[in-house]
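The next block is structure.cif, given as mmCIF, C-alpha atoms and all ligand atoms.
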data_run
#
loop_
_atom_site.label_atom_id
_atom_site.label_comp_id
_atom_site.auth_asym_id
_atom_site.auth_seq_id
_atom_site.Cartn_x
_atom_site.Cartn_y
_atom_site.Cartn_z
CA MET A 150 4.89 3.62 -24.77
CA ASN A 151 6.00 0.04 -24.37
CA ILE A 152 7.26 -1.73 -21.31
CA VAL A 153 10.23 -3.69 -22.52
CA SER A 154 11.61 -6.34 -20.28
CA ARG A 155 14.94 -7.47 -21.62
CA THR A 156 16.76 -10.54 -20.36
CA LYS A 157 19.63 -12.48 -21.85
CA GLU A 158 17.14 -15.11 -22.97
CA LYS A 159 14.23 -13.09 -24.18
CA GLN A 160 12.65 -9.73 -24.74
CA ILE A 161 9.11 -9.27 -23.57
CA ARG A 162 7.37 -6.29 -25.10
CA LEU A 163 4.06 -5.10 -23.76
CA LYS A 164 2.07 -1.92 -24.17
CA ARG A 165 2.36 0.11 -20.99
CA GLU A 166 -1.44 0.55 -20.88
CA ASP A 167 -1.96 -3.21 -21.15
CA PHE A 168 0.42 -3.82 -18.25
CA MET A 169 -1.35 -1.23 -16.07
CA GLU A 170 -4.70 -2.88 -16.90
CA ASN A 171 -3.50 -6.38 -16.14
CA PRO A 172 0.08 -7.01 -14.95
CA TYR A 173 -0.41 -10.71 -14.19
CA PRO A 174 0.36 -12.20 -17.64
CA LEU A 175 3.70 -10.34 -17.67
CA TYR A 176 4.54 -11.61 -14.17
CA GLU A 177 3.77 -15.13 -15.34
CA SER A 178 5.99 -14.81 -18.43
CA LEU A 179 8.85 -13.49 -16.30
CA ARG A 180 8.47 -16.28 -13.73
CA GLY A 181 8.44 -18.72 -16.64
CA ILE A 182 11.98 -17.58 -17.52
CA SER A 183 13.22 -17.51 -13.93
CA PRO A 184 11.81 -16.52 -10.50
CA ILE A 185 14.71 -14.05 -10.30
CA TYR A 186 16.38 -12.73 -13.40
CA LYS A 187 18.53 -9.88 -14.56
CA GLY A 188 16.94 -7.56 -17.05
CA SER A 189 15.61 -4.08 -17.48
CA MET A 190 12.17 -2.61 -17.41
CA LEU A 191 11.20 0.97 -18.21
CA LYS A 192 14.94 1.45 -18.70
CA GLN A 193 15.63 0.40 -15.07
CA PRO A 194 18.25 -2.33 -14.95
CA GLY A 195 18.18 -4.79 -12.09
CA TRP A 196 16.98 -8.14 -10.80
CA PHE A 197 13.24 -8.73 -11.11
CA VAL A 198 11.90 -11.17 -8.54
CA THR A 199 8.61 -12.90 -9.28
CA GLY A 200 9.10 -16.05 -7.15
CA TYR A 201 7.61 -16.16 -3.65
CA LYS A 202 10.50 -18.06 -2.01
CA GLU A 203 13.11 -15.71 -3.48
CA ALA A 204 11.16 -12.53 -2.58
CA ALA A 205 10.65 -13.71 1.02
CA LEU A 206 14.33 -14.58 1.36
CA ILE A 207 15.44 -11.13 0.22
CA LEU A 208 12.93 -9.33 2.47
CA LYS A 209 14.12 -11.31 5.49
CA GLU A 210 17.84 -10.57 5.03
CA PRO A 211 18.42 -6.91 5.96
CA SER A 212 22.18 -7.32 6.29
CA PHE A 213 22.40 -8.49 2.67
CA PHE A 214 19.64 -6.45 1.11
CA THR A 215 18.66 -3.02 2.37
CA ARG A 216 16.14 -0.59 1.09
CA ILE A 217 17.36 1.42 -1.86
CA PRO A 218 18.63 4.49 0.04
CA LEU A 219 16.54 6.96 -1.93
CA PRO A 220 15.20 6.95 -5.45
CA ARG A 221 18.11 8.46 -7.39
CA SER A 222 15.80 10.72 -9.33
CA THR A 223 14.84 12.62 -6.15
CA GLU A 224 18.35 14.11 -5.81
CA LYS A 225 17.43 17.45 -7.32
CA TYR A 226 14.05 17.73 -5.60
CA GLY A 227 14.86 19.31 -2.26
CA HIS A 228 11.61 18.84 -0.33
CA LEU A 229 11.22 15.23 -1.45
CA LYS A 230 14.82 14.38 -0.67
CA ARG A 231 14.72 15.95 2.78
CA ALA A 232 11.45 14.29 3.77
CA GLN A 233 12.30 10.86 2.40
CA SER A 234 15.71 10.81 4.08
CA LYS A 235 13.94 11.07 7.46
CA MET A 236 11.25 8.46 6.72
CA MET A 237 11.66 5.06 8.37
CA LEU A 238 10.75 3.39 5.06
CA TYR A 239 14.09 4.58 3.65
CA MET A 240 16.16 4.05 6.80
CA ASN A 241 18.22 1.03 7.80
CA ASN A 242 19.64 -0.69 10.88
CA HIS A 243 19.88 1.33 14.11
CA ASP A 244 18.21 4.55 12.88
CA HIS A 245 15.36 2.53 11.46
CA ARG A 246 14.84 0.39 14.59
CA LYS A 247 14.88 3.44 16.88
CA LEU A 248 12.23 5.34 14.95
CA ARG A 249 10.08 2.32 14.21
CA LEU A 250 9.96 1.24 17.85
CA LEU A 251 8.75 4.67 18.84
CA VAL A 252 6.05 5.11 16.17
CA ASN A 253 4.92 1.50 16.56
CA LYS A 254 3.53 2.36 19.99
CA GLY A 255 0.63 4.01 18.17
CA PHE A 256 -0.11 0.93 16.06
CA THR A 257 -0.04 -2.04 18.44
CA PRO A 258 -3.05 -4.40 18.12
CA LYS A 259 -4.36 -3.14 21.49
CA GLN A 260 -4.03 0.51 20.43
CA VAL A 261 -5.65 -0.12 17.04
CA GLU A 262 -8.52 -2.09 18.61
CA GLU A 263 -9.51 1.13 20.40
CA PHE A 264 -10.37 2.62 16.99
CA LYS A 265 -12.81 -0.18 16.13
CA PRO A 266 -16.00 1.58 17.37
CA LEU A 267 -14.98 4.78 15.53
CA ILE A 268 -14.25 2.87 12.30
CA GLU A 269 -17.60 1.03 12.49
CA LYS A 270 -19.47 4.25 13.19
CA ILE A 271 -17.90 6.08 10.22
CA THR A 272 -18.52 3.10 7.92
CA HIS A 273 -22.22 2.92 8.75
CA SER A 274 -22.83 6.66 8.65
CA LEU A 275 -21.21 6.83 5.19
CA LEU A 276 -23.40 3.96 4.01
CA ASP A 277 -26.54 5.62 5.46
CA GLU A 278 -26.07 8.40 2.93
CA LEU A 279 -24.77 6.31 0.03
CA ILE A 280 -27.40 3.60 -0.14
CA VAL A 281 -30.19 6.15 -0.47
CA LYS A 282 -28.49 7.29 -3.68
CA LYS A 283 -28.60 3.71 -5.06
CA GLU A 284 -25.46 4.42 -7.09
CA PHE A 285 -22.09 5.67 -5.86
CA ASP A 286 -18.33 5.68 -6.39
CA VAL A 287 -16.68 3.30 -3.90
CA VAL A 288 -13.25 4.97 -4.20
CA SER A 289 -14.09 8.65 -3.61
CA GLU A 290 -17.36 8.40 -1.69
CA PHE A 291 -16.72 5.42 0.60
CA ALA A 292 -13.13 4.16 0.91
CA PHE A 293 -11.42 7.54 0.83
CA PRO A 294 -13.59 9.37 3.42
CA LEU A 295 -13.35 6.32 5.73
CA THR A 296 -9.58 5.90 5.67
CA SER A 297 -8.72 9.61 5.66
CA LEU A 298 -10.96 10.30 8.63
CA VAL A 299 -9.35 7.43 10.55
CA ILE A 300 -5.74 8.51 9.88
CA ALA A 301 -6.65 12.17 10.53
CA THR A 302 -8.08 11.13 13.92
CA ILE A 303 -5.04 9.00 14.80
CA LEU A 304 -2.62 11.80 13.94
CA GLY A 305 -4.87 14.41 15.52
CA VAL A 306 -5.28 16.77 12.55
CA PRO A 307 -8.52 18.71 12.04
CA GLU A 308 -11.26 16.83 10.22
CA GLU A 309 -11.82 19.69 7.77
CA ASP A 310 -8.26 19.26 6.39
CA ARG A 311 -8.80 15.69 5.28
CA LYS A 312 -9.82 16.57 1.70
CA ARG A 313 -6.33 18.00 1.17
CA PHE A 314 -4.89 14.65 2.29
CA ARG A 315 -6.25 12.99 -0.83
CA VAL A 316 -4.42 15.35 -3.18
CA TRP A 317 -1.24 15.05 -1.18
CA ALA A 318 -1.36 11.27 -0.76
CA SER A 319 -2.19 10.54 -4.34
CA ALA A 320 0.58 12.79 -5.73
CA LEU A 321 3.07 11.23 -3.38
CA LEU A 322 2.11 7.73 -4.40
CA GLN A 323 2.92 8.79 -7.95
CA SER A 324 6.32 10.12 -6.88
CA ILE A 325 7.44 6.83 -5.30
CA ASP A 326 6.08 4.78 -8.18
CA PHE A 327 8.49 3.07 -10.51
CA SER A 328 6.88 4.78 -13.52
CA ARG A 329 7.37 8.31 -12.17
CA SER A 330 8.26 11.06 -14.61
CA HIS A 331 10.11 14.31 -13.98
CA LYS A 332 6.84 16.20 -14.29
CA THR A 333 5.20 14.17 -11.51
CA LEU A 334 8.34 14.51 -9.38
CA GLU A 335 8.27 18.29 -9.72
CA GLU A 336 4.63 18.38 -8.69
CA SER A 337 5.26 15.94 -5.81
CA ASP A 338 8.17 18.06 -4.61
CA ARG A 339 5.91 21.11 -4.48
CA LEU A 340 3.22 19.16 -2.58
CA ILE A 341 5.73 17.70 -0.11
CA GLY A 342 6.79 21.31 0.54
CA GLU A 343 3.15 22.11 1.33
CA LEU A 344 2.81 19.07 3.60
CA ASN A 345 6.02 20.03 5.33
CA ASP A 346 4.67 23.54 6.07
CA TYR A 347 1.34 22.08 7.10
CA PHE A 348 2.81 19.65 9.66
CA THR A 349 5.26 22.26 10.94
CA LEU A 350 2.23 24.35 11.92
CA VAL A 351 0.28 21.37 13.34
CA ILE A 352 3.28 20.30 15.43
CA ASP A 353 3.84 23.86 16.68
CA LYS A 354 0.23 24.09 17.83
CA LYS A 355 0.39 20.71 19.55
CA ARG A 356 3.59 21.64 21.33
CA LYS A 357 1.65 24.50 22.91
CA LYS A 358 -1.55 22.55 23.45
CA PRO A 359 -1.00 18.76 23.45
CA CYS A 360 -3.93 16.34 23.06
CA ASN A 361 -4.23 12.58 23.23
CA ASP A 362 -3.22 11.90 19.60
CA LEU A 363 -0.15 10.25 18.05
CA ILE A 364 1.63 13.50 17.10
CA SER A 365 1.22 14.87 20.65
CA LYS A 366 2.53 11.58 22.08
CA LEU A 367 5.58 11.67 19.77
CA ILE A 368 6.29 15.31 20.73
CA LYS A 369 6.61 14.14 24.35
CA GLU A 370 9.45 11.82 23.25
CA GLU A 371 11.50 14.69 21.82
CA ASP A 372 14.72 13.27 23.23
CA LYS A 373 14.21 10.25 20.93
CA ILE A 374 12.81 11.88 17.78
CA THR A 375 13.95 15.02 15.99
CA ASN A 376 11.52 17.62 14.64
CA GLU A 377 12.45 16.68 11.07
CA GLU A 378 11.77 12.99 11.79
CA LEU A 379 8.43 13.89 13.32
CA ILE A 380 7.38 15.88 10.25
CA ALA A 381 8.60 13.13 7.88
CA THR A 382 6.82 10.44 9.92
CA SER A 383 3.55 12.39 9.78
CA ILE A 384 3.93 12.74 6.01
CA LEU A 385 4.72 9.02 5.63
CA LEU A 386 1.67 8.06 7.65
CA VAL A 387 -0.57 10.26 5.48
CA ILE A 388 0.67 8.47 2.35
CA ALA A 389 1.08 4.93 3.69
CA GLY A 390 -1.84 5.23 6.04
CA HIS A 391 -4.60 5.74 3.63
CA GLU A 392 -3.96 5.46 -0.09
CA THR A 393 -3.11 1.72 0.09
CA THR A 394 -6.10 1.04 2.34
CA VAL A 395 -8.42 2.90 -0.07
CA ASN A 396 -7.11 0.50 -2.70
CA LEU A 397 -7.63 -2.55 -0.51
CA ILE A 398 -11.28 -1.62 0.14
CA SER A 399 -11.99 -0.74 -3.51
CA ASN A 400 -10.22 -3.86 -4.79
CA THR A 401 -12.36 -5.92 -2.39
CA VAL A 402 -15.60 -4.49 -3.79
CA LEU A 403 -14.34 -5.10 -7.33
CA ALA A 404 -13.24 -8.69 -6.63
CA PHE A 405 -16.65 -9.65 -5.24
CA ALA A 406 -18.49 -7.88 -8.09
CA LYS A 407 -16.54 -10.02 -10.52
CA HIS A 408 -17.01 -13.21 -8.49
CA PRO A 409 -20.71 -13.32 -7.52
CA ALA A 410 -20.48 -16.95 -6.32
CA GLN A 411 -17.88 -15.86 -3.74
CA TRP A 412 -20.19 -13.02 -2.63
CA GLU A 413 -23.00 -15.58 -2.14
CA LEU A 414 -20.61 -17.78 -0.16
CA LEU A 415 -19.67 -14.82 2.04
CA LYS A 416 -23.36 -13.99 2.57
CA SER A 417 -23.95 -17.54 3.80
CA ASP A 418 -20.98 -17.42 6.20
CA SER A 419 -19.92 -14.06 7.62
CA SER A 420 -16.95 -15.67 9.43
CA LEU A 421 -15.30 -15.47 5.99
CA VAL A 422 -14.96 -11.65 6.19
CA ALA A 423 -11.39 -11.69 7.58
CA PRO A 424 -10.17 -14.48 5.22
CA SER A 425 -11.77 -12.57 2.31
CA ILE A 426 -9.61 -9.53 3.03
CA GLU A 427 -6.50 -11.76 3.13
CA GLU A 428 -7.51 -13.23 -0.23
CA VAL A 429 -7.97 -9.75 -1.76
CA LEU A 430 -4.55 -8.78 -0.39
CA ARG A 431 -3.12 -11.80 -2.20
CA TYR A 432 -5.18 -11.67 -5.39
CA GLU A 433 -5.11 -7.91 -6.07
CA SER A 434 -2.36 -6.66 -3.77
CA PRO A 435 -2.54 -2.84 -3.27
CA THR A 436 1.28 -2.75 -3.22
CA GLN A 437 2.66 -4.62 -6.21
CA LEU A 438 6.33 -3.75 -6.00
CA THR A 439 9.07 -2.78 -3.58
CA ALA A 440 12.81 -2.43 -4.04
CA ARG A 441 16.09 -3.34 -2.36
CA VAL A 442 19.80 -3.02 -3.05
CA ALA A 443 22.36 -5.81 -2.54
CA MET A 444 24.96 -4.91 0.11
CA LYS A 445 27.25 -7.88 -0.56
CA ASP A 446 27.95 -10.28 -3.39
CA THR A 447 25.63 -13.19 -2.87
CA GLU A 448 23.93 -16.09 -4.61
CA ILE A 449 20.17 -16.52 -4.85
CA ALA A 450 18.53 -19.45 -6.58
CA GLY A 451 21.68 -20.10 -8.57
CA HIS A 452 22.15 -16.47 -9.66
CA GLN A 453 25.16 -14.41 -8.69
CA LEU A 454 24.18 -10.96 -7.37
CA THR A 455 26.83 -8.27 -7.00
CA SER A 456 27.02 -5.62 -4.29
CA GLY A 457 25.14 -2.52 -5.48
CA ASP A 458 22.68 -4.42 -7.70
CA GLN A 459 19.13 -3.10 -7.63
CA ILE A 460 16.40 -5.63 -6.89
CA TYR A 461 12.72 -5.20 -7.69
CA LEU A 462 10.46 -7.45 -5.61
CA MET A 463 7.19 -7.97 -7.45
CA LEU A 464 4.92 -8.73 -4.51
CA GLY A 465 1.85 -9.05 -6.74
CA ALA A 466 3.68 -11.76 -8.68
CA ALA A 467 4.99 -13.60 -5.60
CA ASN A 468 1.40 -13.70 -4.32
CA ARG A 469 0.43 -15.68 -7.41
CA ASP A 470 3.34 -18.11 -7.38
CA PRO A 471 1.87 -21.56 -8.14
CA GLU A 472 4.53 -23.19 -5.94
CA VAL A 473 2.83 -21.65 -2.90
CA PHE A 474 -0.78 -21.00 -3.93
CA GLU A 475 -3.04 -23.53 -5.62
CA LYS A 476 -5.00 -22.05 -8.54
CA PRO A 477 -3.21 -18.72 -7.99
CA ASN A 478 -5.20 -16.77 -10.58
CA GLU A 479 -8.54 -17.61 -8.96
CA PHE A 480 -10.25 -15.61 -6.23
CA ILE A 481 -11.13 -18.16 -3.51
CA ILE A 482 -12.11 -16.80 -0.09
CA SER A 483 -12.16 -20.21 1.58
CA ARG A 484 -8.44 -20.94 1.12
CA LYS A 485 -6.97 -22.72 4.15
CA SER A 486 -3.85 -20.57 4.35
CA ILE A 487 -2.96 -17.26 2.67
CA PRO A 488 0.66 -16.34 3.53
CA HIS A 489 0.77 -13.38 1.09
CA LEU A 490 3.61 -10.86 1.00
CA SER A 491 1.36 -7.81 0.53
CA PHE A 492 2.55 -6.14 3.74
CA GLY A 493 6.17 -7.07 3.05
CA MET A 494 8.19 -9.11 5.54
CA GLY A 495 11.10 -8.63 7.95
CA ALA A 496 12.40 -5.34 9.36
CA HIS A 497 10.16 -3.08 7.23
CA PHE A 498 7.00 -5.20 7.59
CA CYS A 499 4.05 -2.83 7.30
CA LEU A 500 3.58 -0.91 10.52
CA GLY A 501 -0.10 -0.29 9.76
CA SER A 502 -1.15 -3.83 8.81
CA THR A 503 -3.45 -4.27 11.85
CA LEU A 504 -5.14 -0.95 11.15
CA ALA A 505 -5.49 -1.65 7.41
CA ARG A 506 -7.01 -5.07 8.12
CA LEU A 507 -9.42 -3.62 10.69
CA GLU A 508 -10.62 -0.88 8.32
CA ALA A 509 -11.07 -3.25 5.37
CA GLN A 510 -12.84 -5.89 7.47
CA ALA A 511 -15.19 -3.26 8.94
CA ALA A 512 -15.95 -1.93 5.45
CA LEU A 513 -16.67 -5.40 4.06
CA ALA A 514 -18.76 -6.45 7.08
CA ALA A 515 -20.87 -3.28 6.76
CA LEU A 516 -21.34 -3.74 2.99
CA LEU A 517 -22.37 -7.33 3.60
CA GLN A 518 -24.89 -6.27 6.20
CA ARG A 519 -26.32 -3.31 4.28
CA LEU A 520 -26.20 -4.32 0.59
CA ASN A 521 -27.79 -7.54 -0.35
CA THR A 522 -26.68 -7.24 -3.95
CA TYR A 523 -24.63 -4.77 -5.95
CA GLU A 524 -23.26 -4.58 -9.44
CA LEU A 525 -20.75 -2.51 -11.36
CA VAL A 526 -22.21 0.43 -13.29
CA SER A 527 -19.74 -0.23 -16.10
CA ASN A 528 -17.49 -3.16 -16.83
CA GLN A 529 -14.83 -0.75 -18.00
CA ILE A 530 -12.54 -0.65 -15.01
CA LYS A 531 -10.00 2.18 -14.93
CA TRP A 532 -6.73 1.51 -13.10
CA ARG A 533 -4.39 4.37 -12.27
CA LYS A 534 -1.23 4.39 -14.36
CA LEU A 535 1.05 3.09 -11.64
CA MET A 536 3.40 0.11 -11.68
CA GLY A 537 3.95 -0.32 -7.97
CA PHE A 538 0.36 -0.04 -6.83
CA ARG A 539 -2.95 -1.62 -7.86
CA SER A 540 -5.13 1.43 -7.56
CA LEU A 541 -8.57 2.08 -9.11
CA GLU A 542 -9.39 5.54 -10.43
CA GLN A 543 -13.04 5.03 -9.63
CA LEU A 544 -15.50 2.20 -9.07
CA ARG A 545 -19.16 3.04 -9.47
CA ILE A 546 -21.65 0.50 -8.18
CA LYS A 547 -25.46 0.16 -8.20
CA THR A 548 -27.02 -1.25 -5.07
CA PHE A 549 -30.16 -3.39 -4.62
CA ASN A 550 -32.28 -4.51 -1.62
CA THR A 551 -30.39 -2.32 0.82
CA SER A 552 -31.11 -1.94 4.53
C1 LIG B 1 5.49 -0.44 5.09
C2 LIG B 1 1.91 -2.25 2.40
C3 LIG B 1 -1.38 0.17 5.08
C4 LIG B 1 2.24 2.34 7.40
C5 LIG B 1 4.80 -1.19 4.18
C6 LIG B 1 5.37 -2.15 3.29
C7 LIG B 1 4.37 -2.64 2.52
C8 LIG B 1 3.14 -2.01 2.94
C9 LIG B 1 4.51 -3.68 1.41
C10 LIG B 1 6.85 -2.60 3.27
C11 LIG B 1 7.66 -1.92 2.22
C12 LIG B 1 9.05 -2.53 2.12
O1 LIG B 1 9.47 -3.38 2.90
O2 LIG B 1 9.75 -2.15 1.18
C13 LIG B 1 0.72 -1.74 2.90
C14 LIG B 1 -0.59 -2.10 2.41
C15 LIG B 1 -1.51 -1.42 3.17
C16 LIG B 1 -0.78 -0.63 4.13
C17 LIG B 1 -0.84 -3.08 1.27
C18 LIG B 1 -3.01 -1.41 3.11
C19 LIG B 1 -3.73 -2.32 2.57
C20 LIG B 1 -0.69 0.93 5.99
C21 LIG B 1 -1.28 1.76 7.00
C22 LIG B 1 -0.25 2.39 7.64
C23 LIG B 1 0.98 1.94 7.04
C24 LIG B 1 -2.77 1.88 7.30
C25 LIG B 1 -0.25 3.36 8.79
C26 LIG B 1 -1.21 3.97 9.31
C27 LIG B 1 3.42 1.80 6.94
C28 LIG B 1 4.73 2.24 7.38
C29 LIG B 1 5.66 1.43 6.71
C30 LIG B 1 4.91 0.51 5.88
C31 LIG B 1 5.03 3.35 8.37
C32 LIG B 1 7.19 1.48 6.85
C33 LIG B 1 7.64 0.49 7.88
C34 LIG B 1 9.14 0.45 8.03
O3 LIG B 1 9.86 0.96 7.15
O4 LIG B 1 9.60 -0.08 9.03
N1 LIG B 1 3.44 -1.14 3.97
N2 LIG B 1 0.57 -0.83 3.92
N3 LIG B 1 0.67 1.05 6.03
N4 LIG B 1 3.55 0.76 6.05
FE1 LIG B 1 2.06 -0.12 5.06
#

Would you write out, as structure tokens, the structure that this file holds?
Ligand code: HEM
Amino acid sequence: MNIVSRTKEKQIRLKREDFMENPYPLYESLRGISPIYKGSMLKQPGWFVTGYKEAALILKEPSFFTRIPLPRSTEKYGHLKRAQSKMMLYMNNHDHRKLRLLVNKGFTPKQVEEFKPLIEKITHSLLDELIVKKEFDVVSEFAFPLTSLVIATILGVPEEDRKRFRVWASALLQSIDFSRSHKTLEESDRLIGELNDYFTLVIDKKRKKPCNDLISKLIKEEDKITNEELIATSILLVIAGHETTVNLISNTVLAFAKHPAQWELLKSDSSLVAPSIEEVLRYESPTQLTARVAMKDTEIAGHQLTSGDQIYLMLGAANRDPEVFEKPNEFIISRKSIPHLSFGMGAHFCLGSTLARLEAQAALAALLQRLNTYELVSNQIKWRKLMGFRSLEQLRIKTFNTS
């Protein structure tokens, strides 16, 4: 199947598989026409934004551009529709602020810092087992167990349930992806139903026997959050809270494997760990796309947008805009400033950015300390067939001179 991007000026035709492998040439062609242009892609008409300035402007203007209320295609999928309508990601204005303020209490920098020793402990104990094997899959054996254990601990769900989180989170990622099909939506609807039942039970138990976790703390605020919102928030945190961070960690390992000189530079200066994660966020952003709808007629960069127009913000493209980033297609960990848009901007700015950064930095610091050298087992990298996310299916590496 082809991805056809049709504008007044030009038609860009690309094999869907080629786009999933490497979306950056398409982004560049689109930006070459205009940083914001009207067209259609995968039969979705709308404005496609590839320019950094234009994407930031739209993200910062919630009174002009709000989140698309709900993907239209979810209408007939009851579980999905119900859950998404209570998720802060799909809410606006007052309802959004109220819920976000409440949940944010669990993700303040001070609160997240408390998880640092736990994150470091999990990272090292995973590596203790993996480096003996000398070859392992970064996605399923390292990044996934790390992030799912962390989010399971924060929410306060039993450790033994975390394997089910992977199935749930990955199906749900598919359902919010731009390329979703009816088959994946049906499956996602069924899984959301399961997650709904699962969290109903967890919440019931915690009501009777509260602990010191986020769900128990939110239950105490029951005058400010409804039961449905609590279930939907838990589901959102399972999806948002680990799948994207798995991708950030895996994309980091891949970026350094492909840029050995940058790995050597990092080995000579470990203060570059945090900037390296920012550069991976820019260079191979886990979230490539988000969407908005225009609430009023307005003009952006000389283009007239009409109320109701759909807008697709291509964050992965904005992060490689040459007007903002020098040598945008190169992976350079020593950049002076990396103001990427990978966590969004404005009212919906990622609630878990501090946690995601902490997990990825801990993972990279531990890999740096424990693996002197590593290489990819195969140069054939398999990306999942998603348009909105940069997500590896697997990433096998061989390790050398470990400690
Ligand atoms: C929102 C990216 C990790 C929770 C967002 C948005 C982006 C994003 C781009 C904004 C979407 C929009 O405005 O349309 C990422 C990336 C991550 C990551 C790239 C990892 C590398 C996390 C983690 C959590 C989390 C670890 C929680 C534990 C959320 C929530 C929202 C959100 C709840 C919705 C905020 C709102 O609507 O106000 N994320 N995220 N994310 N993220 Fe993340």

For chain A versus ligand LIG 1 (chain B), which residues have an atom no more than 6 Å away, and what is each residue's nearest atom pair and distance in Å rounded to one decimal, using all atoms listed in the file, chain-then-number order, as JSON lines?
{"residue": "A:Met237", "atom": "CA", "partner": "B:LIG1", "partner_atom": "O3", "distance": 4.6}
{"residue": "A:Leu238", "atom": "CA", "partner": "B:LIG1", "partner_atom": "O3", "distance": 3.3}
{"residue": "A:Arg249", "atom": "CA", "partner": "B:LIG1", "partner_atom": "O4", "distance": 5.7}
{"residue": "A:Leu386", "atom": "CA", "partner": "B:LIG1", "partner_atom": "C25", "distance": 5.2}
{"residue": "A:Ala389", "atom": "CA", "partner": "B:LIG1", "partner_atom": "C23", "distance": 4.5}
{"residue": "A:Gly390", "atom": "CA", "partner": "B:LIG1", "partner_atom": "C26", "distance": 3.6}
{"residue": "A:His391", "atom": "CA", "partner": "B:LIG1", "partner_atom": "C24", "distance": 5.6}
{"residue": "A:Thr393", "atom": "CA", "partner": "B:LIG1", "partner_atom": "C18", "distance": 4.4}
{"residue": "A:Thr394", "atom": "CA", "partner": "B:LIG1", "partner_atom": "C18", "distance": 4.0}
{"residue": "A:Leu397", "atom": "CA", "partner": "B:LIG1", "partner_atom": "C19", "distance": 5.0}
{"residue": "A:Pro435", "atom": "CA", "partner": "B:LIG1", "partner_atom": "C17", "distance": 4.9}
{"residue": "A:Thr436", "atom": "CA", "partner": "B:LIG1", "partner_atom": "C17", "distance": 5.0}
{"residue": "A:Thr439", "atom": "CA", "partner": "B:LIG1", "partner_atom": "O2", "distance": 4.8}
{"residue": "A:Ser491", "atom": "CA", "partner": "B:LIG1", "partner_atom": "C9", "distance": 5.3}
{"residue": "A:Phe492", "atom": "CA", "partner": "B:LIG1", "partner_atom": "C9", "distance": 3.9}
{"residue": "A:Gly493", "atom": "CA", "partner": "B:LIG1", "partner_atom": "C9", "distance": 4.1}
{"residue": "A:Ala496", "atom": "CA", "partner": "B:LIG1", "partner_atom": "O4", "distance": 6.0}
{"residue": "A:His497", "atom": "CA", "partner": "B:LIG1", "partner_atom": "O4", "distance": 3.5}
{"residue": "A:Phe498", "atom": "CA", "partner": "B:LIG1", "partner_atom": "C10", "distance": 5.0}
{"residue": "A:Cys499", "atom": "CA", "partner": "B:LIG1", "partner_atom": "C1", "distance": 3.6}
{"residue": "A:Leu500", "atom": "CA", "partner": "B:LIG1", "partner_atom": "C27", "distance": 4.5}
{"residue": "A:Gly501", "atom": "CA", "partner": "B:LIG1", "partner_atom": "C22", "distance": 3.4}
{"residue": "A:Ser502", "atom": "CA", "partner": "B:LIG1", "partner_atom": "C3", "distance": 5.5}
{"residue": "A:Leu504", "atom": "CA", "partner": "B:LIG1", "partner_atom": "C24", "distance": 5.3}
{"residue": "A:Ala505", "atom": "CA", "partner": "B:LIG1", "partner_atom": "C24", "distance": 4.5}

Report as a PDB file with C-alpha atoms, in the coordinates of the input all protein, DNA and RNA residues lying within 7 Å of A:Thr548, evaluated on only C-alpha atoms, omitting residues in the same chain fewer than 3 positions from it.
ATOM      1  CA  ILE A 280     -27.400   3.600  -0.140  1.00  0.00           C
ATOM      2  CA  LYS A 283     -28.600   3.710  -5.060  1.00  0.00           C
ATOM      3  CA  GLU A 284     -25.460   4.420  -7.090  1.00  0.00           C
ATOM      4  CA  LEU A 520     -26.200  -4.320   0.590  1.00  0.00           C
ATOM      5  CA  THR A 522     -26.680  -7.240  -3.950  1.00  0.00           C
ATOM      6  CA  TYR A 523     -24.630  -4.770  -5.950  1.00  0.00           C
ATOM      7  CA  GLU A 524     -23.260  -4.580  -9.440  1.00  0.00           C
ATOM      8  CA  THR A 551     -30.390  -2.320   0.820  1.00  0.00           C
TER       9      THR A 551
END

* Structure fact -> Separating atom CA of A:Asp470 from atom CA of A:Pro194, to the nearest tenth of an Å, is a gap of 23.0 Å

* Two-atom distance - atom CA of A:Leu430, atom CA of A:His273 (Å) -> 23.1 Å

Write out, as a tab-separated table, each residue of stretch 397-458 of chain A that has an atom at most 10 Å from stretch 198-204 of chain A, together with the closest pair of atoms and their distance in Å to one decimal, counting only C-alpha atoms, rows going by chain and rising number.
residue	atom	partner	partner_atom	distance
A:Leu438	CA	A:Val198	CA	9.6
A:Ala440	CA	A:Val198	CA	9.9
A:Ile449	CA	A:Glu203	CA	7.2
A:Ala450	CA	A:Glu203	CA	7.3

* **Pairwise distance for atom CA of A:Thr503 and atom CA of A:Lys369, rounded to one decimal in Å** =>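 Here the two named atoms are 24.4 Å from each other.
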
* Find the residues around A:Ser483 up to 9 Å (only C-alpha atoms counted), leave out those fewer than 2 positions away in its own chain, and share them as a ChimeraX atom specification. => /A:411,414,421,424-425,428,481,485-486

* Name the closest residue to A:Thr447 among the candidates A:Glu177, A:Glu433, A:Glu309, A:Glu210; distances are taken between atoms, counting only C-alpha atoms. => A:Glu210
